[in-house]
Amino acid sequence: MVDVTTHGTASFTTQSSDDTDVELELVSESESSVKVKQVVLASVLASLSIAIAPVAEFIPRIPGWGIAIFDPVSIFWIISFLIGGIWVGLVSTVAGTMGLFLYDPTAIGPVFKLIATLPMIIVPWYGVRKLRSVVRGETLSNTAEPLVTRTYDVPDRESSRGGDSLSRPKFYATLMLLAFVLRLVLMVPINLAYGAIAFPFLTLDFIINYAIILNSFQSLWDALIPFIIVYPSGVFKTFKMW
């Protein structure tokens, strides 16, 4: 006589094990697929930033300073961050910077561009991390708490994930304003040091004023254009990776 109960249990256990293996394989394939998409996104946008770099040669420049009043290169790097997250943005930025060495072997321009763009990626990413802690009921530290609570209502858990939270204009604008401040803190001293060495005939007032003006305009383009391209257009909903 066959023990139906025992036999059935063994069969069920085997089937459950098979289902678990299938789920693990699907998860593994899914993670691998996401990584491939992230690499492709970072590579494509880095390539586009390199390809469009020569356009800056036709943009008017500040007399005696030689810096263009608008540079579209970093726009692609920030788009990659908004769609793919921090690592995609950083990979695209670093790869694009390396590619710019083809146009500027001295590396001065590309390195300046890299330093100026990093705050526009790192600050929003950090803001998203802090927002997640608010949604989980944790307390924000330092000055982030009053700034966040004054600027927007705490969203639900779903809308606070990754790039979704940056789709809210007030939150995005607040973080980009903080990024702009950090950008000035970095770039004004760097421009002063570079100007004193490369352009000793320029006055300190000239260097400081134009460093602030140029970084203000470029920060505006870096924040506004990627936002318009990624969110209102629906690009993020189609290709989002975080």
# chains A, B, ... in the order shown; residues from 1 in each chain; ligands from 1
$ residues_around --residues "A:Ile62" --least-positions-apart "6" --cutoff "9 Å" --atoms "only C-alpha atoms" --output "PyMOL selection string"
chain A and resi 68-69+210
$ write_last_selection --atoms "N, CA and C atoms" --output "CSV table (one decimal), in the first residue's frame"
chain,number,residue,atom,x,y,z
A,68,ALA,N,32.8,79.8,-22.7
A,68,ALA,CA,31.5,80.0,-23.4
A,68,ALA,C,30.4,80.3,-22.4
A,69,ILE,N,29.5,81.0,-22.8
A,69,ILE,CA,28.4,81.4,-21.9
A,69,ILE,C,27.3,80.3,-21.8
A,210,TYR,N,32.5,87.1,-13.1
A,210,TYR,CA,32.2,86.3,-14.3
A,210,TYR,C,32.1,84.8,-13.9
$ residues_around --residues "stretch 194-207 of chain A" --least-positions-apart "5" --cutoff "12 Å" --atoms "only C-alpha atoms" --output "compact mmCIF listing (two decimals) with C-alpha atoms, in the first residue's frame"
# COMPACT_ATOMS: atom_id res chain seq x y z
CA ILE A 62 33.61 86.07 -22.51
CA PRO A 63 36.25 88.45 -23.94
CA GLY A 64 39.61 87.99 -22.28
CA TRP A 65 38.40 84.93 -20.39
CA GLY A 66 37.60 82.54 -23.21
CA ILE A 67 34.77 80.69 -21.46
CA ILE A 108 41.83 71.95 -17.78
CA GLY A 109 38.44 72.49 -19.41
CA PHE A 112 36.61 72.18 -14.57
CA MET A 187 34.28 76.97 -8.70
CA VAL A 188 34.93 80.54 -7.54
CA PRO A 189 38.18 79.66 -5.71
CA ILE A 212 29.44 83.70 -10.55
CA ILE A 213 27.60 84.84 -13.68
CA LEU A 214 28.75 81.95 -15.87
CA ASN A 215 28.09 79.30 -13.23
$ closest_residue --among "A:Pro54, A:Pro60, A:Gly84, A:Gly127" --to "A:Pro72" --atoms "only C-alpha atoms"
A:Pro54
$ closest_residue --among "A:Ala116, A:Leu192, A:Leu166, A:Val73" --to "A:Ser216" --atoms "only C-alpha atoms"
A:Ala116
$ atom_distance --atom1 "atom CA of A:Leu48" --atom2 "atom CA of A:Leu178"
27.2 Å
$ residues_around --residues "A:Leu118" --least-positions-apart "6" --cutoff "9 Å" --atoms "only C-alpha atoms" --output "number ranges by chain"
A: 90, 93, 179, 183
$ write_last_selection --atoms "C-alpha atoms" --output "PDB file, in the first residue's frame"
ATOM      1  CA  LEU A  90      28.648  59.357 -12.401  1.00  0.00           C
ATOM      2  CA  THR A  93      30.039  62.084 -16.323  1.00  0.00           C
ATOM      3  CA  ALA A 179      23.701  72.264  -5.702  1.00  0.00           C
ATOM      4  CA  ARG A 183      29.024  74.685  -7.168  1.00  0.00           C
TER       5      ARG A 183
END
$ atom_distance --atom1 "atom CA of A:Leu182" --atom2 "atom CA of A:Met120"
8.9 Å
$ atom_distance --atom1 "atom CA of A:Val94" --atom2 "atom CA of A:Pro226"
18.0 Å
$ residues_around --residues "A:Ala42" --least-positions-apart "2" --cutoff "12 Å" --atoms "only C-alpha atoms" --output "PyMOL selection string"
chain A and resi 35-40+44-49+76-96+241
$ write_last_selection --atoms "C-alpha atoms" --output "mmCIF file, in the first residue's frame"
data_model
loop_
_atom_site.group_PDB
_atom_site.id
_atom_site.type_symbol
_atom_site.label_atom_id
_atom_site.label_comp_id
_atom_site.auth_asym_id
_atom_site.auth_seq_id
_atom_site.Cartn_x
_atom_site.Cartn_y
_atom_site.Cartn_z
ATOM 1 C CA LYS A 35 22.828 46.494 -15.260
ATOM 2 C CA VAL A 36 23.126 46.140 -19.026
ATOM 3 C CA LYS A 37 20.571 48.911 -19.534
ATOM 4 C CA GLN A 38 22.427 51.139 -17.081
ATOM 5 C CA VAL A 39 25.723 50.629 -18.894
ATOM 6 C CA VAL A 40 24.083 51.307 -22.257
ATOM 7 C CA VAL A 44 25.086 56.522 -25.031
ATOM 8 C CA LEU A 45 24.674 59.793 -23.151
ATOM 9 C CA ALA A 46 28.414 60.095 -22.527
ATOM 10 C CA SER A 47 28.969 59.605 -26.262
ATOM 11 C CA LEU A 48 26.369 62.244 -27.097
ATOM 12 C CA SER A 49 28.030 64.699 -24.728
ATOM 13 C CA PHE A 76 23.549 64.833 -21.086
ATOM 14 C CA TRP A 77 25.312 63.788 -17.881
ATOM 15 C CA ILE A 78 22.508 65.098 -15.699
ATOM 16 C CA ILE A 79 19.895 63.453 -17.922
ATOM 17 C CA SER A 80 21.660 60.129 -17.386
ATOM 18 C CA PHE A 81 21.489 60.678 -13.625
ATOM 19 C CA LEU A 82 17.798 61.577 -13.635
ATOM 20 C CA ILE A 83 16.915 58.467 -15.625
ATOM 21 C CA GLY A 84 19.394 55.936 -14.269
ATOM 22 C CA GLY A 85 20.411 57.071 -10.799
ATOM 23 C CA ILE A 86 23.647 58.075 -9.133
ATOM 24 C CA TRP A 87 25.989 55.448 -10.571
ATOM 25 C CA VAL A 88 24.723 55.854 -14.120
ATOM 26 C CA GLY A 89 25.129 59.604 -13.794
ATOM 27 C CA LEU A 90 28.648 59.357 -12.401
ATOM 28 C CA VAL A 91 29.783 56.830 -15.009
ATOM 29 C CA SER A 92 28.390 58.986 -17.800
ATOM 30 C CA THR A 93 30.039 62.084 -16.323
ATOM 31 C CA VAL A 94 33.466 60.497 -15.888
ATOM 32 C CA ALA A 95 33.352 58.815 -19.309
ATOM 33 C CA GLY A 96 32.246 62.051 -20.948
ATOM 34 C CA MET A 241 15.923 52.689 -13.723
#
$ residues_around --residues "A:Thr97" --least-positions-apart "6" --cutoff "8 Å" --atoms "only C-alpha atoms" --output "PyMOL selection string"
chain A and resi 110-111+113-114
$ select_by_dssp --residues "stretch 42-235 of chain A" --states "alpha helix (DSSP H)" --output "PyMOL selection string"
chain A and resi 42-52+73-84+86-100+108-135+144-151+169-198+204-230+235
$ closest_residue --among "A:Ile122, A:Glu31, A:Ile190, A:Ala223" --to "A:Ile208" --atoms "only C-alpha atoms"
A:Ile190
